[in-house]
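Peer 1: Take a look at the following structure, please.
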Amino acid sequence: MELKTLIARDLLSIKAVFFRPEEPFTWASGIKSPVYCDNRLTLTAPGVRTDVENGLARLVRENYPDAEVLMGTSTAGIAHAAITGHIMGLPMGYVRSGAKDHGRKNQIEGALEPGQKVVVVEDLISTGGSVLEVVDVLREAGADVLGIVSIFTYGMKKGLERLAAANVKNVSLTDFDEIARVAAEGGYIKPADVARLIAFRNDPSDESWMEAKA
């Protein structure tokens with residue numbers, strides 16, 4: 001079985017990625033979404049967690065063989081960076097959303113030397129804004145950011161364009177299209193719902209997908 005299919009099945013089985021096209025969720029931005037993502041649930045499902053961490057280690061080895069340090073995003077990427085780093089025998093750290101206001105006032109936690117080759121570990125990429133902030137912080141600290149590994153990506157146009165503009169590579173264990181396909185095959189959604197889901201992915205601000213009943 002392909003890795004992206006295995007992870008898609010895993011995430012669906014524990015409802016880390018949960019589709020509900022008939023009763024959309026509302027994001028903080030107000031956008032109506034047919035999908036809810038909470039990859040933190042992988043941490044409380046040992047079998048799925050094993051697949052995810054071994055998968056992330058494989059992605060790093062295959063795509064960034066020169067990696068010297070793993071840096072997790074705060075907070076969702078921290079545990080994954082730690083476990084993957086343990087599997088690979090690599091040091092890890094993480095980047096805070098902002099610098100602390102006390103002590104050494106660190107934003108980057110963990111030892112990082114200028115010039116070290118870093119891979120950022122993220123759980124989910126949608127528009128790419130938050131992970132690119134992490135990349136910027138690391139680059140400003142002198143790190144050579146090789147790229148990103150993530151559990152799941154939507155493949156949204158805005159996110160792809162942002163990553164390309166920042167010259168940042170991302171490799172994900174699975175993606176929105178694969179999970180939608182596996183969800184239809186597994187009976188989580190109707191086969192006719194796949195087109196609606198892809199329409200949402202292509203333009204989340206366009207709610208016409210909600211009118212196209214399966």
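Chain labels follow the order of the structure tokens: the first chain is A, the next B, and so on; residue numbering restarts at 1 in every chain, and ligands are counted from 1 in their shown order.
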From a backbone DSSP assignment, name each residue in region 76-176 of chain A labelled strand (DSSP E), as an NGL selection string.
Peer 2: :A and (92-95 or 108-109 or 117-125 or 144-153 or 170-175)
Peer 1: Residues within 10 Å of Asp193 (chain A), please, as a list in words. Count only C-alpha atoms; anything in the same chain fewer than 2 positions from it doesn't count.
Peer 2: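 Result of the neighbour search: Phe19, Arg20, Pro21, Glu22, Pro34, Ala180, Arg181, Ala183, Ala184, Ile189, Lys190, Pro191, Ala195, Arg196, Leu197, Ile198, Ala199, Trp209, Ala212, Lys213 and Ala214 of chain A.
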Peer 1: Could you give me, as a tab-separated table (two decimals) with N, CA and C atoms, in the first residue's frame, the residues within 12 Å of Val131 (chain A), counting only C-alpha atoms and dropping anything in the same chain fewer than 3 positions from it?
Peer 2:
```tsv
chain	number	residue	atom	x	y	z
A	71	MET	N	12.95	20.90	13.37
A	71	MET	CA	12.33	21.96	14.15
A	71	MET	C	10.81	21.88	14.00
A	72	GLY	N	10.11	21.65	15.11
A	72	GLY	CA	8.66	21.57	15.09
A	72	GLY	C	8.01	22.94	15.15
A	73	THR	N	6.82	23.03	14.59
A	73	THR	CA	6.02	24.24	14.72
A	73	THR	C	5.28	24.19	16.05
A	74	SER	N	5.04	25.34	16.62
A	74	SER	CA	4.36	25.40	17.92
A	74	SER	C	2.85	25.58	17.71
A	75	THR	N	2.03	24.71	18.30
A	75	THR	CA	2.44	23.61	19.17
A	75	THR	C	2.30	22.24	18.48
A	76	ALA	N	1.55	22.21	17.40
A	76	ALA	CA	1.15	20.93	16.81
A	76	ALA	C	2.31	20.10	16.28
A	77	GLY	N	3.39	20.76	15.86
A	77	GLY	CA	4.49	20.01	15.27
A	77	GLY	C	5.54	19.54	16.26
A	94	TYR	N	12.00	23.53	18.64
A	94	TYR	CA	10.76	24.06	18.09
A	94	TYR	C	10.79	25.58	18.10
A	95	VAL	N	9.88	26.14	17.31
A	95	VAL	CA	9.81	27.59	17.17
A	95	VAL	C	8.50	28.08	17.77
A	96	ARG	N	8.61	28.99	18.72
A	96	ARG	CA	7.42	29.57	19.33
A	96	ARG	C	6.73	30.53	18.36
A	97	SER	N	5.45	30.77	18.60
A	97	SER	CA	4.71	31.73	17.77
A	97	SER	C	5.21	33.15	17.99
A	119	VAL	N	15.05	20.88	8.86
A	119	VAL	CA	13.76	20.51	8.27
A	119	VAL	C	12.68	20.87	9.28
A	120	VAL	N	11.67	21.59	8.83
A	120	VAL	CA	10.55	21.98	9.69
A	120	VAL	C	9.50	20.87	9.67
A	121	VAL	N	8.99	20.52	10.85
A	121	VAL	CA	7.96	19.48	10.97
A	121	VAL	C	6.64	20.14	11.34
A	122	GLU	N	5.63	19.95	10.51
A	122	GLU	CA	4.31	20.58	10.69
A	122	GLU	C	3.24	19.50	10.60
A	123	ASP	N	2.10	19.72	11.26
A	123	ASP	CA	1.04	18.70	11.17
A	123	ASP	C	0.11	18.93	9.99
A	124	LEU	N	-0.18	20.19	9.68
A	124	LEU	CA	-1.20	20.49	8.68
A	124	LEU	C	-0.83	21.78	7.94
A	125	ILE	N	-0.99	21.78	6.62
A	125	ILE	CA	-0.75	22.99	5.84
A	125	ILE	C	-2.00	23.32	5.04
A	126	SER	N	-2.51	24.52	5.25
A	126	SER	CA	-3.66	24.99	4.46
A	126	SER	C	-3.21	26.15	3.58
A	127	THR	N	-3.20	27.37	4.14
A	127	THR	CA	-2.75	28.52	3.35
A	127	THR	C	-1.25	28.76	3.49
A	128	GLY	N	-0.59	28.04	4.41
A	128	GLY	CA	0.86	28.11	4.53
A	128	GLY	C	1.41	29.25	5.36
A	134	VAL	N	7.49	30.38	10.67
A	134	VAL	CA	8.52	29.56	11.33
A	134	VAL	C	9.78	29.53	10.46
A	135	VAL	N	9.59	29.33	9.17
A	135	VAL	CA	10.73	29.31	8.25
A	135	VAL	C	11.49	30.64	8.31
A	136	ASP	N	10.75	31.75	8.33
A	136	ASP	CA	11.38	33.07	8.39
A	136	ASP	C	12.22	33.24	9.65
A	137	VAL	N	11.67	32.81	10.79
A	137	VAL	CA	12.39	32.92	12.07
A	137	VAL	C	13.69	32.12	12.01
A	138	LEU	N	13.62	30.92	11.47
A	138	LEU	CA	14.80	30.06	11.38
A	138	LEU	C	15.84	30.65	10.43
A	145	VAL	N	17.30	26.32	5.88
A	145	VAL	CA	16.04	25.56	5.90
A	145	VAL	C	15.91	24.77	4.59
A	147	GLY	N	13.54	22.53	3.95
A	147	GLY	CA	12.15	22.40	3.57
A	147	GLY	C	11.29	21.95	4.74
A	148	ILE	N	10.11	21.47	4.41
A	148	ILE	CA	9.09	21.10	5.39
A	148	ILE	C	8.65	19.66	5.14
A	149	VAL	N	8.35	18.95	6.22
A	149	VAL	CA	7.58	17.71	6.12
A	149	VAL	C	6.32	17.91	6.95
A	150	SER	N	5.20	17.40	6.45
A	150	SER	CA	3.93	17.57	7.16
A	150	SER	C	3.09	16.31	7.02
A	153	THR	N	-1.72	17.99	3.80
A	153	THR	CA	-1.84	19.29	3.15
A	153	THR	C	-3.13	19.35	2.34
A	159	GLY	N	-1.85	28.44	-0.55
A	159	GLY	CA	-0.74	27.83	0.15
A	159	GLY	C	0.40	27.46	-0.79
A	162	ARG	N	2.20	30.62	-1.88
A	162	ARG	CA	3.03	31.19	-0.81
A	162	ARG	C	4.32	30.41	-0.64
A	163	LEU	N	4.24	29.10	-0.64
A	163	LEU	CA	5.42	28.27	-0.49
A	163	LEU	C	6.39	28.49	-1.65
A	166	ALA	N	8.20	31.81	-1.41
A	166	ALA	CA	9.23	31.81	-0.36
A	166	ALA	C	10.34	30.81	-0.66
A	168	VAL	N	10.21	27.51	-0.67
A	168	VAL	CA	10.19	26.48	0.38
A	168	VAL	C	9.49	25.23	-0.15
A	169	LYS	N	10.17	24.11	-0.03
A	169	LYS	CA	9.61	22.83	-0.45
A	169	LYS	C	8.83	22.21	0.70
A	170	ASN	N	7.68	21.63	0.40
A	170	ASN	CA	6.92	20.86	1.39
A	170	ASN	C	6.63	19.48	0.84
```
Peer 1: Using only C-alpha atoms, find the one residue out of A:Glu68, A:Asp177, A:Asp10, A:Glu53 that sits nearest to Ile83 (chain A).
Peer 2: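 The answer is A:Glu53, which sits nearest to Ile83 (chain A).
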Peer 1: What residues in region 161-195 of chain A get the DSSP label helix (DSSP H, G or I)? Please answer as number ranges by chain.
Peer 2: A: 161-165, 176-185, 193-195
Peer 1: Keeping only C-alpha atoms, write the selected residues as an mmCIF file, in the first residue's frame.
Peer 2:
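Okay, this is what ended up in selection-v1.cif:
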```cif
data_model
loop_
_atom_site.group_PDB
_atom_site.id
_atom_site.type_symbol
_atom_site.label_atom_id
_atom_site.label_comp_id
_atom_site.auth_asym_id
_atom_site.auth_seq_id
_atom_site.Cartn_x
_atom_site.Cartn_y
_atom_site.Cartn_z
ATOM 1 C CA GLU A 161 1.730 30.004 -4.184
ATOM 2 C CA ARG A 162 3.030 31.192 -0.812
ATOM 3 C CA LEU A 163 5.424 28.269 -0.486
ATOM 4 C CA ALA A 164 6.682 28.774 -4.034
ATOM 5 C CA ALA A 165 7.186 32.515 -3.504
ATOM 6 C CA PHE A 176 -6.740 16.375 0.552
ATOM 7 C CA ASP A 177 -7.374 14.649 -2.779
ATOM 8 C CA GLU A 178 -6.142 11.281 -1.516
ATOM 9 C CA ILE A 179 -8.155 11.474 1.690
ATOM 10 C CA ALA A 180 -11.293 12.422 -0.260
ATOM 11 C CA ARG A 181 -10.754 9.428 -2.572
ATOM 12 C CA VAL A 182 -10.132 7.013 0.300
ATOM 13 C CA ALA A 183 -13.122 8.436 2.214
ATOM 14 C CA ALA A 184 -15.402 7.715 -0.742
ATOM 15 C CA GLU A 185 -14.017 4.195 -1.164
ATOM 16 C CA ASP A 193 -19.254 14.171 -2.728
ATOM 17 C CA VAL A 194 -15.647 14.026 -3.951
ATOM 18 C CA ALA A 195 -16.215 16.670 -6.632
#
```
